[in-house]
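Enquirer: Please find my_file-v8.pdb (PDB, C-alpha atoms) on the next line:
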ATOM      1  CA  GLN A 129      14.927  -2.398 -10.424
ATOM      2  CA  VAL A 130      14.870  -5.503  -8.273
ATOM      3  CA  TYR A 131      13.477  -8.711  -9.737
ATOM      4  CA  LEU A 132      11.026 -10.147  -7.212
ATOM      5  CA  VAL A 133       9.350 -13.549  -7.342
ATOM      6  CA  GLU A 134       6.343 -14.327  -5.156
ATOM      7  CA  SER A 135       5.067 -17.792  -4.381
ATOM      8  CA  GLY A 136       2.810 -19.583  -1.940
ATOM      9  CA  GLY A 137      -0.594 -18.389  -3.047
ATOM     10  CA  GLY A 138      -3.516 -20.717  -3.519
ATOM     11  CA  SER A 139      -7.072 -21.499  -2.562
ATOM     12  CA  VAL A 140      -8.036 -22.281   1.023
ATOM     13  CA  GLN A 141     -11.127 -22.500   3.170
ATOM     14  CA  ALA A 142     -11.933 -19.706   5.572
ATOM     15  CA  GLY A 143      -9.966 -20.144   8.770
ATOM     16  CA  GLY A 144      -7.058 -21.696   6.938
ATOM     17  CA  SER A 145      -3.476 -20.523   6.549
ATOM     18  CA  LEU A 146      -1.034 -19.729   3.783
ATOM     19  CA  ARG A 147       2.567 -18.599   3.751
ATOM     20  CA  LEU A 148       3.700 -16.308   0.968
ATOM     21  CA  SER A 149       7.339 -15.932   0.001
ATOM     22  CA  CYS A 150       9.062 -13.214  -1.993
ATOM     23  CA  LYS A 151      12.573 -13.824  -3.247
ATOM     24  CA  ALA A 152      15.063 -11.604  -5.060
ATOM     25  CA  PRO A 153      17.193 -14.176  -6.862
ATOM     26  CA  ARG A 154      19.053 -11.772  -9.136
ATOM     27  CA  THR A 155      19.808  -9.079  -6.576
ATOM     28  CA  ILE A 156      22.899  -8.748  -4.444
ATOM     29  CA  THR A 157      22.349  -8.511  -0.717
ATOM     30  CA  SER A 158      23.766  -4.996  -0.510
ATOM     31  CA  VAL A 159      20.864  -3.835  -2.658
ATOM     32  CA  PHE A 160      18.124  -6.011  -1.188
ATOM     33  CA  ASN A 161      18.927  -5.913   2.514
ATOM     34  CA  PRO A 162      18.895  -2.202   3.360
ATOM     35  CA  SER A 163      15.442  -1.604   1.962
ATOM     36  CA  PRO A 164      12.165  -1.860   3.805
ATOM     37  CA  MET A 165       9.907  -4.433   2.173
ATOM     38  CA  ALA A 166       6.153  -4.619   1.972
ATOM     39  CA  TRP A 167       3.270  -6.799   0.939
ATOM     40  CA  TYR A 168       0.321  -5.221  -0.830
ATOM     41  CA  ARG A 169      -2.883  -6.759  -2.113
ATOM     42  CA  GLN A 170      -5.396  -5.901  -4.766
ATOM     43  CA  ALA A 171      -8.879  -7.343  -4.981
ATOM     44  CA  PRO A 172     -10.859  -7.199  -8.256
ATOM     45  CA  GLY A 173     -12.107  -3.698  -8.928
ATOM     46  CA  LYS A 174     -10.263  -2.231  -5.952
ATOM     47  CA  GLN A 175      -7.059  -0.282  -5.430
ATOM     48  CA  ARG A 176      -3.826  -1.881  -4.304
ATOM     49  CA  ASP A 177      -3.545  -1.575  -0.515
ATOM     50  CA  LEU A 178      -0.716  -2.023   1.946
ATOM     51  CA  VAL A 179      -0.972  -5.207   4.001
ATOM     52  CA  ALA A 180       2.277  -5.232   5.976
ATOM     53  CA  GLN A 181       5.690  -3.625   5.979
ATOM     54  CA  ILE A 182       9.028  -4.524   7.528
ATOM     55  CA  THR A 183      12.180  -2.442   7.911
ATOM     56  CA  ASN A 184      15.667  -3.781   7.270
ATOM     57  CA  ASP A 185      16.082  -4.380  11.013
ATOM     58  CA  GLY A 186      12.747  -6.110  11.490
ATOM     59  CA  ARG A 187      10.321  -3.443  12.659
ATOM     60  CA  THR A 188       6.841  -4.102  11.336
ATOM     61  CA  ASN A 189       3.496  -2.472  10.798
ATOM     62  CA  TYR A 190       0.211  -3.878   9.558
ATOM     63  CA  ALA A 191      -3.078  -2.838   8.095
ATOM     64  CA  ASP A 192      -5.753  -2.883  10.773
ATOM     65  CA  SER A 193      -7.666  -5.552   8.870
ATOM     66  CA  VAL A 194      -4.858  -8.103   9.232
ATOM     67  CA  LYS A 195      -3.423  -7.290  12.659
ATOM     68  CA  GLY A 196      -3.217 -10.373  14.821
ATOM     69  CA  ARG A 197      -3.694 -12.686  11.840
ATOM     70  CA  PHE A 198      -0.778 -11.931   9.486
ATOM     71  CA  THR A 199       2.929 -11.834  10.244
ATOM     72  CA  ILE A 200       5.594 -10.362   7.986
ATOM     73  CA  SER A 201       9.202 -11.450   8.371
ATOM     74  CA  ARG A 202      12.421 -11.418   6.391
ATOM     75  CA  ASP A 203      15.565 -13.465   6.030
ATOM     76  CA  ASN A 204      18.224 -11.162   4.643
ATOM     77  CA  SER A 205      20.695 -14.010   4.140
ATOM     78  CA  ARG A 206      18.196 -15.553   1.725
ATOM     79  CA  LYS A 207      16.984 -12.229   0.290
ATOM     80  CA  THR A 208      13.468 -13.354   1.109
ATOM     81  CA  VAL A 209      10.420 -11.812   2.715
ATOM     82  CA  TYR A 210       7.531 -13.871   4.067
ATOM     83  CA  LEU A 211       3.902 -13.258   4.875
ATOM     84  CA  GLN A 212       2.341 -15.797   7.202
ATOM     85  CA  MET A 213      -1.433 -15.548   6.921
ATOM     86  CA  ASN A 214      -3.602 -17.258   9.515
ATOM     87  CA  SER A 215      -7.338 -17.262  10.189
ATOM     88  CA  LEU A 216      -7.971 -16.299   6.597
ATOM     89  CA  LEU A 217     -11.266 -14.669   5.669
ATOM     90  CA  PRO A 218     -13.051 -14.468   2.317
ATOM     91  CA  GLU A 219     -12.293 -10.752   2.251
ATOM     92  CA  ASP A 220      -8.575 -11.581   2.180
ATOM     93  CA  THR A 221      -9.066 -12.830  -1.365
ATOM     94  CA  ALA A 222      -6.795 -10.803  -3.645
ATOM     95  CA  VAL A 223      -3.607 -10.807  -5.657
ATOM     96  CA  TYR A 224      -0.738 -10.263  -3.239
ATOM     97  CA  TYR A 225       2.307  -8.292  -4.382
ATOM     98  CA  CYS A 226       5.755  -7.969  -2.919
ATOM     99  CA  HIS A 227       7.327  -4.496  -2.981
ATOM    100  CA  HIS A 228      10.962  -3.442  -2.618
ATOM    101  CA  ILE A 229      10.461   0.078  -1.355
ATOM    102  CA  GLU A 230      13.791   1.734  -2.108
ATOM    103  CA  THR A 231      13.797   0.772  -5.775
ATOM    104  CA  ARG A 232       9.984   0.855  -6.121
ATOM    105  CA  SER A 233      10.095  -2.642  -7.579
ATOM    106  CA  TRP A 234       7.136  -5.017  -7.670
ATOM    107  CA  GLY A 235       6.737  -8.725  -8.109
ATOM    108  CA  GLN A 236       4.287 -10.291 -10.511
ATOM    109  CA  GLY A 237       1.795 -11.131  -7.775
ATOM    110  CA  THR A 238       0.372 -14.346  -6.379
ATOM    111  CA  GLN A 239      -3.328 -15.128  -6.137
ATOM    112  CA  VAL A 240      -4.896 -15.899  -2.760
ATOM    113  CA  THR A 241      -8.467 -17.143  -2.741
ATOM    114  CA  VAL A 242     -10.346 -17.803   0.488
ATOM    115  CA  GLN A 243     -13.583 -19.717   0.186
ATOM    116  CA  GLY A 244     -16.230 -19.023   2.739
TER     117      GLY A 244
END
Since I need it in another form, could you write the structure as structure tokens?
Expert:
Amino acid sequence: QVYLVESGGGSVQAGGSLRLSCKAPRTITSVFNPSPMAWYRQAPGKQRDLVAQITNDGRTNYADSVKGRFTISRDNSRKTVYLQMNSLLPEDTAVYYCHHIETRSWGQGTQVTVQG
């Protein structure tokens, strides 16, 4: 298991931006760095869905609903993954979770609320 800590959530108006961070403070780089990482989100009463994914060498893919608005990136030297969210919509409101794919580890989640 990898201990993951998300931060950066909050409440914003529609059209605003937030930047989420996910750090692995207790994990050595040889465990963190090789793994693809992902951001998922879960709205109340709904399943947890993939938002964005990034490989260890920086290749990315996105859910159709966030393409062109969200950007996932990683800094392996800091054992950190980011999710830059622009042009936020009320339907982006959810708890956002960081996921270390190789070890199937999850963070505790960070709440994002977009007010329309």
Enquirer: What are the closest atom pairs, with distances in Å to one decimal, for all residues of range 202-242 of chain A lying within 10 Å of range 162-177 of chain A? Consider all atoms listed in the file, order rows by chain and residue number, and present the result as JSON lines.
Expert:
{"residue": "A:Arg202", "atom": "CA", "partner": "A:Met165", "partner_atom": "CA", "distance": 8.5}
{"residue": "A:Asn204", "atom": "CA", "partner": "A:Pro162", "partner_atom": "CA", "distance": 9.1}
{"residue": "A:Thr208", "atom": "CA", "partner": "A:Met165", "partner_atom": "CA", "distance": 9.7}
{"residue": "A:Val209", "atom": "CA", "partner": "A:Met165", "partner_atom": "CA", "distance": 7.4}
{"residue": "A:Tyr210", "atom": "CA", "partner": "A:Trp167", "partner_atom": "CA", "distance": 8.8}
{"residue": "A:Leu211", "atom": "CA", "partner": "A:Trp167", "partner_atom": "CA", "distance": 7.6}
{"residue": "A:Glu219", "atom": "CA", "partner": "A:Ala171", "partner_atom": "CA", "distance": 8.7}
{"residue": "A:Asp220", "atom": "CA", "partner": "A:Ala171", "partner_atom": "CA", "distance": 8.3}
{"residue": "A:Thr221", "atom": "CA", "partner": "A:Ala171", "partner_atom": "CA", "distance": 6.6}
{"residue": "A:Ala222", "atom": "CA", "partner": "A:Ala171", "partner_atom": "CA", "distance": 4.3}
{"residue": "A:Val223", "atom": "CA", "partner": "A:Gln170", "partner_atom": "CA", "distance": 5.3}
{"residue": "A:Tyr224", "atom": "CA", "partner": "A:Arg169", "partner_atom": "CA", "distance": 4.3}
{"residue": "A:Tyr225", "atom": "CA", "partner": "A:Tyr168", "partner_atom": "CA", "distance": 5.1}
{"residue": "A:Cys226", "atom": "CA", "partner": "A:Trp167", "partner_atom": "CA", "distance": 4.7}
{"residue": "A:His227", "atom": "CA", "partner": "A:Ala166", "partner_atom": "CA", "distance": 5.1}
{"residue": "A:His228", "atom": "CA", "partner": "A:Met165", "partner_atom": "CA", "distance": 5.0}
{"residue": "A:Ile229", "atom": "CA", "partner": "A:Met165", "partner_atom": "CA", "distance": 5.8}
{"residue": "A:Glu230", "atom": "CA", "partner": "A:Ser163", "partner_atom": "CA", "distance": 5.5}
{"residue": "A:Thr231", "atom": "CA", "partner": "A:Ser163", "partner_atom": "CA", "distance": 8.3}
{"residue": "A:Arg232", "atom": "CA", "partner": "A:Met165", "partner_atom": "CA", "distance": 9.8}
{"residue": "A:Ser233", "atom": "CA", "partner": "A:Met165", "partner_atom": "CA", "distance": 9.9}
{"residue": "A:Trp234", "atom": "CA", "partner": "A:Trp167", "partner_atom": "CA", "distance": 9.6}
{"residue": "A:Gly235", "atom": "CA", "partner": "A:Trp167", "partner_atom": "CA", "distance": 9.9}
{"residue": "A:Gly237", "atom": "CA", "partner": "A:Arg169", "partner_atom": "CA", "distance": 8.5}
{"residue": "A:Thr238", "atom": "CA", "partner": "A:Arg169", "partner_atom": "CA", "distance": 9.3}
{"residue": "A:Gln239", "atom": "CA", "partner": "A:Arg169", "partner_atom": "CA", "distance": 9.3}
{"residue": "A:Val240", "atom": "CA", "partner": "A:Arg169", "partner_atom": "CA", "distance": 9.4}
Enquirer: By how many Å are CA of Ser145 in chain A and CA of Gln212 in chain A apart?
Expert: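 Going from CA of Ser145 in chain A over to CA of Gln212 in chain A, I get 7.5 Å.
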Enquirer: Could you check the closest approach to Ala180 in chain A for each of A:Lys207, A:Val133, A:Met213, A:Val159 and tell me which residue wins, using all atoms listed in the file?
Expert: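 Closest to Ala180 in chain A of all the choices is A:Met213.
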Enquirer: To box range 148-162 of chain A, take all atoms listed in the file, fit an axis-aligned box, add 4 Å on each side, and give centre and edge lengths in Å to one decimal, as JSON.
Expert:
{"center_x": 13.7, "center_y": -9.3, "center_z": -2.9, "size_x": 28.1, "size_y": 22.1, "size_z": 20.5}
Enquirer: Identify which of the residues A:Gln181, A:Gly144, A:Gly244, A:Val130 lies closest to Phe160 in chain A, counting only C-alpha atoms when measuring atom-to-atom distances.
Expert: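 Distance minimum relative to Phe160 in chain A lands on A:Val130.
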Enquirer: I'd like to know which of A:Arg197, A:Thr183, A:Ala152, A:Asn189 is closest to Gln129 in chain A, using all atoms listed in the file.
Expert: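 Smallest distance to Gln129 in chain A is found for A:Ala152.
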Enquirer: Pick the closest to Ser158 in chain A from A:Gly137, A:Leu217, A:Asn184, A:Ser193: which is it, counting only C-alpha atoms?
Expert: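 Of all the options, A:Asn184 lies closest to Ser158 in chain A.
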Enquirer: Which residues, written as a ChimeraX atom specification, have at least one atom at most 9 Å from Gln243 in chain A, with all atoms listed in the file counted and residues fewer than 2 positions away on the same chain left out?
Expert: /A:139-142,217-218,221,241
Enquirer: Nearest to Gly196 in chain A among A:Tyr131, A:Ile182, A:Asn214, A:Leu146, with distances taken over all atoms listed in the file: which residue is it?
Expert: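 When distances to Gly196 in chain A are compared using all atoms listed in the file, the smallest one comes from A:Asn214.
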Enquirer: Would you work out the distance separating CA of Arg154 in chain A from CA of Gly136 in chain A, expressed in Å to one decimal?
Expert: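 Those two atoms sit 19.4 Å apart.
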Enquirer: Quick one, how far is CA of Ile200 in chain A from CA of Glu134 in chain A?
Expert: 13.7 Å
Enquirer: Looking at A:Phe198, A:Asn161, A:Asp203, A:Ile156, which one is nearest to Val179 in chain A, with distances taken over all atoms listed in the file?
Expert: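 Closest candidate: A:Phe198.
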